[in-house]
Amino acid sequence: MADLLILAIETATGCGSVALTRGAGPAGRVLAEMTLQPEVTHARRLLGSVAAVMAAAGVGWSELAAVAVSQGPGSFTGLRIGMAAAQGLAMALAAPLLPVPTLDGLAAQVVPGDLPICCLLDARKQQVYAGFYRFRQAQWQRTEPFLAVSPRELAQQVLAEPTLLVGPGLHVCRAELAAQPLARLAEAGLIHPRAAMIGLCAGQMLTDGVGPATEPVTPLYVRASEAELNMRTMREAGRETT
């Protein structure tokens, strides 16, 4: 398992990336990584970046042990593009596909510590996606389901103990959290989703015996999309007029 070569795709935010990793977790290695803008990049350009990373690392397609993809939460458009590319590559290569929650990849970047952490992504619409973790058995382990909450809800209702908050979602709620005595705020720019961490997390999953997806892989949205909300509103309006 130590030499597993994994191709990883991360497109959950406005600054995505592709990477090649070998091994698992902190002991693994990043062979190559390239950033891109998935929300304004055609899927062909994403695949072009994948080919460029493969060429830069000097490895062949047949050497890949698996394809990993950032599953979300995050940008609905970005997640769909990344998921489609990863599924296409995995099918073409007859390789396992490993979905990794985006916030798990964020947590993997945090230095081990005694405080629990809360990883944050901007969910837009004045909300953030939040994931809570504790460092146990040499890794950050998620302690509860992902949330989509407003900064005020996070500051006033969700935090129940001293917690280190990290990730690009901090810029959305820094003002509300600044007055919260339980919040310990990291610098917002220090930790962003990275394909390299998605790959190393996927390697850890395989090492821990968590196999590839056996069912069709879908993005982890956490909350309903705009289209779903609009459809719901139309249905409710229809019921009221009947």
# chains A, B, ... in the order shown; residues from 1 in each chain; ligands from 1
>>> select_by_dssp(residues="region 43-160 of chain A", states="helix (DSSP H, G or I)", output="count of residues only")
50
>>> residues_around(residues="Ala195 (chain A)", least_positions_apart="2", cutoff="12 Å", atoms="only C-alpha atoms", output="PyMOL selection string")
chain A and resi 6-13+15-21+30-36+50+53+67-71+82+99-102+104-106+108-109+192-193+197-202
>>> atom_distance(atom1="CA of Phe135 (chain A)", atom2="CA of Gly169 (chain A)")
21.1 Å
>>> residues_around(residues="Ala51 (chain A)", least_positions_apart="5", cutoff="10 Å", atoms="only C-alpha atoms", output="VMD selection string")
chain A and resid 18 45 to 46 56 60 to 61
>>> residues_around(residues="Pro145 (chain A)", least_positions_apart="2", cutoff="9 Å", atoms="only C-alpha atoms", output="list in words")
Ala130, Gly131, Phe132, Arg142, Thr143 and Leu147 of chain A
>>> write_last_selection(atoms="N, CA, C and O atoms", output="compact mmCIF listing (two decimals), in the first residue's frame")
# COMPACT_ATOMS: atom_id res chain seq x y z
N ALA A 130 -19.41 23.46 7.20
CA ALA A 130 -18.56 23.23 8.37
C ALA A 130 -18.41 21.74 8.64
O ALA A 130 -19.39 20.98 8.56
N GLY A 131 -17.19 21.34 8.96
CA GLY A 131 -16.91 19.96 9.36
C GLY A 131 -16.07 19.97 10.62
O GLY A 131 -15.10 20.73 10.72
N PHE A 132 -16.43 19.14 11.60
CA PHE A 132 -15.74 19.13 12.90
C PHE A 132 -14.93 17.85 13.05
O PHE A 132 -15.39 16.75 12.71
N ARG A 142 -13.53 12.83 11.70
CA ARG A 142 -14.76 13.61 11.73
C ARG A 142 -15.65 13.16 12.88
O ARG A 142 -15.82 11.97 13.11
N THR A 143 -16.25 14.13 13.60
CA THR A 143 -17.04 13.79 14.78
C THR A 143 -18.53 13.95 14.59
O THR A 143 -19.31 13.49 15.44
N LEU A 147 -22.28 20.43 8.07
CA LEU A 147 -23.34 21.41 8.25
C LEU A 147 -23.25 22.50 7.18
O LEU A 147 -22.16 22.79 6.69
>>> atom_distance(atom1="CA of Leu120 (chain A)", atom2="CA of Leu103 (chain A)")
7.5 Å
>>> select_by_dssp(residues="region 15-212 of chain A", states="strand (DSSP E or B)", output="PyMOL selection string")
chain A and resi 16-22+29-36+66-72+97-101+117-124+127-136+139-142+147-149+163-166+183-185
>>> write_last_selection(atoms="C-alpha atoms", output="JSON list (two decimals), in the first residue's frame")
[["chain", "number", "residue", "atom", "x", "y", "z"],
["A", 16, "GLY", "CA", -9.02, 23.75, -8.11],
["A", 17, "SER", "CA", -6.10, 21.43, -8.73],
["A", 18, "VAL", "CA", -4.96, 18.05, -10.00],
["A", 19, "ALA", "CA", -2.18, 16.03, -8.42],
["A", 20, "LEU", "CA", -0.28, 12.76, -8.40],
["A", 21, "THR", "CA", 0.47, 11.27, -5.00],
["A", 22, "ARG", "CA", 2.20, 8.14, -3.81],
["A", 29, "ARG", "CA", 4.55, 11.99, -1.18],
["A", 30, "VAL", "CA", 3.29, 14.54, -3.68],
["A", 31, "LEU", "CA", 4.85, 13.85, -7.08],
["A", 32, "ALA", "CA", 3.21, 16.71, -9.00],
["A", 33, "GLU", "CA", 0.39, 19.22, -8.56],
["A", 34, "MET", "CA", -1.16, 21.88, -10.79],
["A", 35, "THR", "CA", -3.79, 24.51, -9.94],
["A", 36, "LEU", "CA", -6.62, 25.68, -12.20],
["A", 66, "ALA", "CA", -6.73, 4.59, -8.35],
["A", 67, "VAL", "CA", -8.40, 7.89, -9.19],
["A", 68, "ALA", "CA", -9.50, 10.12, -6.29],
["A", 69, "VAL", "CA", -11.91, 13.03, -6.48],
["A", 70, "SER", "CA", -12.96, 15.77, -4.09],
["A", 71, "GLN", "CA", -16.62, 14.91, -3.41],
["A", 72, "GLY", "CA", -17.78, 18.14, -1.76],
["A", 97, "LEU", "CA", -12.67, 5.60, -8.05],
["A", 98, "LEU", "CA", -12.33, 6.99, -4.52],
["A", 99, "PRO", "CA", -14.53, 9.97, -3.47],
["A", 100, "VAL", "CA", -13.01, 12.00, -0.61],
["A", 101, "PRO", "CA", -15.06, 14.64, 1.24],
["A", 117, "ILE", "CA", -10.96, 21.80, 14.64],
["A", 118, "CYS", "CA", -13.73, 23.14, 12.44],
["A", 119, "CYS", "CA", -12.96, 23.28, 8.71],
["A", 120, "LEU", "CA", -14.91, 25.91, 6.79],
["A", 121, "LEU", "CA", -15.76, 26.50, 3.13],
["A", 122, "ASP", "CA", -17.74, 29.40, 1.69],
["A", 123, "ALA", "CA", -21.21, 28.04, 0.83],
["A", 124, "ARG", "CA", -22.37, 31.42, -0.52],
["A", 127, "GLN", "CA", -23.61, 30.45, 4.75],
["A", 128, "VAL", "CA", -20.56, 28.25, 5.32],
["A", 129, "TYR", "CA", -20.01, 24.52, 5.10],
["A", 130, "ALA", "CA", -18.56, 23.23, 8.37],
["A", 131, "GLY", "CA", -16.91, 19.96, 9.36],
["A", 132, "PHE", "CA", -15.74, 19.13, 12.90],
["A", 133, "TYR", "CA", -12.76, 16.88, 13.72],
["A", 134, "ARG", "CA", -10.68, 15.56, 16.62],
["A", 135, "PHE", "CA", -7.16, 14.14, 16.36],
["A", 136, "ARG", "CA", -7.41, 10.45, 17.23],
["A", 139, "GLN", "CA", -5.30, 11.30, 12.18],
["A", 140, "TRP", "CA", -8.09, 13.87, 12.18],
["A", 141, "GLN", "CA", -11.40, 12.04, 12.51],
["A", 142, "ARG", "CA", -14.76, 13.61, 11.73],
["A", 147, "LEU", "CA", -23.34, 21.41, 8.25],
["A", 148, "ALA", "CA", -24.45, 24.33, 6.09],
["A", 149, "VAL", "CA", -25.00, 27.19, 8.54],
["A", 163, "THR", "CA", -12.25, 25.07, 18.71],
["A", 164, "LEU", "CA", -9.65, 25.99, 16.07],
["A", 165, "LEU", "CA", -11.38, 27.23, 12.92],
["A", 166, "VAL", "CA", -9.55, 26.92, 9.59],
["A", 183, "ALA", "CA", -13.34, 30.37, 18.66],
["A", 184, "ARG", "CA", -9.64, 30.20, 17.85],
["A", 185, "LEU", "CA", -9.18, 31.66, 14.37]]
>>> closest_residue(among="A:Leu154, A:Val110, A:Ala178, A:Ala160", to="Pro26 (chain A)", atoms="only C-alpha atoms")
A:Val110
>>> residues_around(residues="Leu182 (chain A)", least_positions_apart="6", cutoff="7 Å", atoms="only C-alpha atoms", output="ChimeraX atom specification")
/A:159,161-163
>>> write_last_selection(atoms="N, CA, C and O atoms", output="PDB file, in the first residue's frame")
ATOM      1  N   LEU A 159     -20.849  26.195  18.103  1.00  0.00           N
ATOM      2  CA  LEU A 159     -19.626  26.025  18.888  1.00  0.00           C
ATOM      3  C   LEU A 159     -19.970  25.780  20.352  1.00  0.00           C
ATOM      4  O   LEU A 159     -20.653  26.583  20.988  1.00  0.00           O
ATOM      5  N   GLU A 161     -17.342  24.312  22.557  1.00  0.00           N
ATOM      6  CA  GLU A 161     -16.082  24.200  23.295  1.00  0.00           C
ATOM      7  C   GLU A 161     -14.996  24.934  22.509  1.00  0.00           C
ATOM      8  O   GLU A 161     -15.190  25.262  21.333  1.00  0.00           O
ATOM      9  N   PRO A 162     -13.860  25.221  23.137  1.00  0.00           N
ATOM     10  CA  PRO A 162     -12.779  25.880  22.395  1.00  0.00           C
ATOM     11  C   PRO A 162     -12.414  25.081  21.145  1.00  0.00           C
ATOM     12  O   PRO A 162     -12.160  23.878  21.220  1.00  0.00           O
ATOM     13  N   THR A 163     -12.420  25.749  19.996  1.00  0.00           N
ATOM     14  CA  THR A 163     -12.250  25.069  18.710  1.00  0.00           C
ATOM     15  C   THR A 163     -11.396  25.925  17.790  1.00  0.00           C
ATOM     16  O   THR A 163     -11.585  27.141  17.700  1.00  0.00           O
TER      17      THR A 163
END
>>> residues_around(residues="Gly203 (chain A)", least_positions_apart="3", cutoff="7 Å", atoms="only C-alpha atoms", output="PyMOL selection string")
chain A and resi 4+23-25+199-200+206-207
>>> write_last_selection(atoms="C-alpha atoms", output="short mmCIF file (atom, residue, chain, number, x, y, z; two decimals), in the first residue's frame")
data_model
loop_
_atom_site.label_atom_id
_atom_site.label_comp_id
_atom_site.auth_asym_id
_atom_site.auth_seq_id
_atom_site.Cartn_x
_atom_site.Cartn_y
_atom_site.Cartn_z
CA LEU A 4 0.07 3.37 -4.29
CA GLY A 23 1.42 6.49 -0.50
CA ALA A 24 -0.93 7.48 2.29
CA GLY A 25 -1.41 10.26 4.81
CA GLY A 199 -4.90 11.88 -3.09
CA LEU A 200 -3.14 11.25 0.22
CA LEU A 206 -7.13 2.15 0.94
CA THR A 207 -4.53 1.50 3.64
#
>>> decode(residues="region 15-29 of chain A", atoms="N, CA, C and O atoms", output="PDB file, in the first residue's frame")
ATOM      1  N   CYS A  15     -10.591  27.785  -7.000  1.00  0.00           N
ATOM      2  CA  CYS A  15      -9.197  27.462  -7.328  1.00  0.00           C
ATOM      3  C   CYS A  15      -9.010  25.970  -7.126  1.00  0.00           C
ATOM      4  O   CYS A  15      -8.774  25.500  -6.017  1.00  0.00           O
ATOM      5  N   GLY A  16      -9.145  25.200  -8.200  1.00  0.00           N
ATOM      6  CA  GLY A  16      -9.023  23.753  -8.112  1.00  0.00           C
ATOM      7  C   GLY A  16      -7.614  23.290  -8.413  1.00  0.00           C
ATOM      8  O   GLY A  16      -6.697  24.087  -8.622  1.00  0.00           O
ATOM      9  N   SER A  17      -7.426  21.977  -8.455  1.00  0.00           N
ATOM     10  CA  SER A  17      -6.099  21.433  -8.734  1.00  0.00           C
ATOM     11  C   SER A  17      -6.197  19.967  -9.111  1.00  0.00           C
ATOM     12  O   SER A  17      -7.209  19.300  -8.866  1.00  0.00           O
ATOM     13  N   VAL A  18      -5.128  19.481  -9.742  1.00  0.00           N
ATOM     14  CA  VAL A  18      -4.961  18.054 -10.003  1.00  0.00           C
ATOM     15  C   VAL A  18      -3.587  17.674  -9.471  1.00  0.00           C
ATOM     16  O   VAL A  18      -2.671  18.497  -9.433  1.00  0.00           O
ATOM     17  N   ALA A  19      -3.445  16.425  -9.037  1.00  0.00           N
ATOM     18  CA  ALA A  19      -2.177  16.026  -8.423  1.00  0.00           C
ATOM     19  C   ALA A  19      -1.949  14.539  -8.601  1.00  0.00           C
ATOM     20  O   ALA A  19      -2.881  13.756  -8.827  1.00  0.00           O
ATOM     21  N   LEU A  20      -0.695  14.160  -8.485  1.00  0.00           N
ATOM     22  CA  LEU A  20      -0.284  12.765  -8.403  1.00  0.00           C
ATOM     23  C   LEU A  20       0.370  12.556  -7.042  1.00  0.00           C
ATOM     24  O   LEU A  20       1.275  13.306  -6.661  1.00  0.00           O
ATOM     25  N   THR A  21      -0.104  11.560  -6.310  1.00  0.00           N
ATOM     26  CA  THR A  21       0.470  11.267  -5.003  1.00  0.00           C
ATOM     27  C   THR A  21       0.859   9.793  -4.928  1.00  0.00           C
ATOM     28  O   THR A  21       0.309   8.953  -5.648  1.00  0.00           O
ATOM     29  N   ARG A  22       1.787   9.528  -4.040  1.00  0.00           N
ATOM     30  CA  ARG A  22       2.197   8.143  -3.812  1.00  0.00           C
ATOM     31  C   ARG A  22       2.175   7.878  -2.311  1.00  0.00           C
ATOM     32  O   ARG A  22       2.742   8.639  -1.524  1.00  0.00           O
ATOM     33  N   GLY A  23       1.485   6.822  -1.914  1.00  0.00           N
ATOM     34  CA  GLY A  23       1.419   6.492  -0.499  1.00  0.00           C
ATOM     35  C   GLY A  23       0.190   7.066   0.173  1.00  0.00           C
ATOM     36  O   GLY A  23      -0.768   7.477  -0.479  1.00  0.00           O
ATOM     37  N   ALA A  24       0.250   7.117   1.507  1.00  0.00           N
ATOM     38  CA  ALA A  24      -0.932   7.482   2.288  1.00  0.00           C
ATOM     39  C   ALA A  24      -0.588   8.450   3.406  1.00  0.00           C
ATOM     40  O   ALA A  24       0.466   8.342   4.032  1.00  0.00           O
ATOM     41  N   GLY A  25      -1.506   9.378   3.652  1.00  0.00           N
ATOM     42  CA  GLY A  25      -1.411  10.263   4.808  1.00  0.00           C
ATOM     43  C   GLY A  25      -0.117  11.047   4.876  1.00  0.00           C
ATOM     44  O   GLY A  25       0.523  11.336   3.847  1.00  0.00           O
ATOM     45  N   PRO A  26       0.302  11.412   6.098  1.00  0.00           N
ATOM     46  CA  PRO A  26       1.515  12.232   6.276  1.00  0.00           C
ATOM     47  C   PRO A  26       2.783  11.580   5.740  1.00  0.00           C
ATOM     48  O   PRO A  26       3.745  12.267   5.402  1.00  0.00           O
ATOM     49  N   ALA A  27       2.798  10.258   5.649  1.00  0.00           N
ATOM     50  CA  ALA A  27       3.985   9.560   5.154  1.00  0.00           C
ATOM     51  C   ALA A  27       4.023   9.503   3.628  1.00  0.00           C
ATOM     52  O   ALA A  27       5.033   9.091   3.050  1.00  0.00           O
ATOM     53  N   GLY A  28       2.949   9.927   2.972  1.00  0.00           N
ATOM     54  CA  GLY A  28       2.906   9.885   1.521  1.00  0.00           C
ATOM     55  C   GLY A  28       3.690  11.018   0.880  1.00  0.00           C
ATOM     56  O   GLY A  28       4.174  11.931   1.552  1.00  0.00           O
ATOM     57  N   ARG A  29       3.789  10.975  -0.441  1.00  0.00           N
ATOM     58  CA  ARG A  29       4.548  11.986  -1.181  1.00  0.00           C
ATOM     59  C   ARG A  29       3.697  12.590  -2.293  1.00  0.00           C
ATOM     60  O   ARG A  29       2.882  11.895  -2.899  1.00  0.00           O
TER      61      ARG A  29
END
